[in-house]
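> Have a look at this one before I ask anything.
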Amino acid sequence: MDDLTLQPFLGIIETELIKDIMKGVIMNWIATQSYYKIHRHVSSTEQTTVVQLRSMYLYEHKVRTKYREFAIEDVLDMSYRQMGDEGGFLYLHTKQGVFPYTVREDPSRFIDTFKVLK
């Protein structure tokens, strides 16, 4: 992985660490899974696509994404559905509903770690 590929993840990790320090709680994550979000904006003259690389963190008592946090007891299951040759969807089955996350790498290790923890 080159520096340009790692750069978005370093910013996410630093931001999450700062948030934990400000809360006065430092918790180490047990597993992490990268995912991405695609934003498309269509105007009358052009279409713009922005891909945001993000990370999901599994802690002993929670699962955290960029904008959501689930208590571990609220996460009922995780599953993965491969789409084509490159990536697929990681599904978090929670008490609030099913949340899909687009992934490039197979999240089997992340899911297995969750199932051992649960």
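In the structure tokens, chains take the letters A, B, ... in the order shown, each chain's residues start at 1, and ligands count up from 1 in the order shown.
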Neighbouring residues of Leu117 in chain A were defined as those with any atom within 12 Å, considering only C-alpha atoms; residues of the same chain fewer than 6 positions away were excluded. Please report them as a PyMOL selection string.
chain A and resi 30-31+58-63+72-73+75-77+110-111
> Measuring atom to atom with only C-alpha atoms, identify which of A:Glu46, A:Gln33, A:Tyr67, A:Asn28 is nearest to Ser108 in chain A.
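With only C-alpha atoms as the atom set, the closest residue is A:Gln33.
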> Counting only C-alpha atoms, which residue out of A:Val103, A:Leu53, A:Val116, A:Val98 sits closest to His39 in chain A?
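Of the candidates, the smallest distance to His39 in chain A is held by A:Leu53.
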> Using only C-alpha atoms for the distances, tell me which of A:Phe89, A:Lys95, A:Ser55, A:Gln82 is nearest to Phe70 in chain A.
A:Lys95
> Can you measure CA of Gly88 in chain A to CA of His41 in chain A for me? One decimal in Å is fine.
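One can read the CA of Gly88 in chain A to CA of His41 in chain A distance as 22.5 Å.
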> If you run DSSP on this backbone, which residues of range 11-103 of chain A come out as strand (DSSP E), and could you give them as number ranges by chain?
A: 31-42, 47-58, 62-64, 69-71, 75-82, 88-94, 97-103
> Filtering to C-alpha atoms, could you give me those residues as a tab-separated table (two decimals), in the first residue's frame?

```tsv
chain	number	residue	atom	x	y	z
A	31	ALA	CA	-10.52	-5.45	14.69
A	32	THR	CA	-10.89	-2.97	11.89
A	33	GLN	CA	-12.47	-3.19	8.43
A	34	SER	CA	-12.10	-0.64	5.67
A	35	TYR	CA	-15.16	0.35	3.65
A	36	TYR	CA	-16.00	3.13	1.28
A	37	LYS	CA	-18.85	5.47	0.50
A	38	ILE	CA	-19.56	6.79	-2.98
A	39	HIS	CA	-21.17	10.22	-3.36
A	40	ARG	CA	-22.43	11.22	-6.79
A	41	HIS	CA	-23.58	14.70	-7.71
A	42	VAL	CA	-25.30	15.21	-11.06
A	47	GLN	CA	-21.50	14.23	-12.97
A	48	THR	CA	-19.04	14.26	-10.09
A	49	THR	CA	-18.12	11.12	-8.15
A	50	VAL	CA	-16.30	11.25	-4.82
A	51	VAL	CA	-15.12	8.06	-3.13
A	52	GLN	CA	-14.56	8.36	0.63
A	53	LEU	CA	-12.45	5.68	2.29
A	54	ARG	CA	-13.58	4.93	5.85
A	55	SER	CA	-12.91	2.44	8.63
A	56	MET	CA	-15.18	0.38	10.86
A	57	TYR	CA	-13.87	-0.51	14.32
A	58	LEU	CA	-14.85	-3.45	16.51
A	62	LYS	CA	-19.36	-1.53	20.46
A	63	VAL	CA	-18.97	-1.29	16.70
A	64	ARG	CA	-18.16	2.17	15.36
A	69	GLU	CA	-22.01	3.62	16.82
A	70	PHE	CA	-23.74	0.39	17.85
A	71	ALA	CA	-23.58	-1.23	21.27
A	75	VAL	CA	-25.53	-6.01	16.77
A	76	LEU	CA	-27.31	-9.30	16.14
A	77	ASP	CA	-25.14	-10.58	13.28
A	78	MET	CA	-22.79	-9.65	10.44
A	79	SER	CA	-22.80	-11.10	6.95
A	80	TYR	CA	-20.99	-10.59	3.66
A	81	ARG	CA	-22.20	-10.78	0.09
A	82	GLN	CA	-19.60	-10.70	-2.67
A	88	GLY	CA	-19.10	-6.64	-1.99
A	89	PHE	CA	-21.31	-5.65	0.93
A	90	LEU	CA	-20.73	-6.14	4.64
A	91	TYR	CA	-24.11	-6.14	6.40
A	92	LEU	CA	-24.53	-5.23	10.06
A	93	HIS	CA	-27.77	-6.76	11.32
A	94	THR	CA	-28.80	-4.64	14.30
A	97	GLY	CA	-32.22	-2.55	11.10
A	98	VAL	CA	-29.69	-3.78	8.55
A	99	PHE	CA	-26.87	-1.43	7.58
A	100	PRO	CA	-24.88	-2.18	4.39
A	101	TYR	CA	-21.24	-1.13	3.97
A	102	THR	CA	-19.40	-1.40	0.64
A	103	VAL	CA	-16.04	-3.17	1.05
```
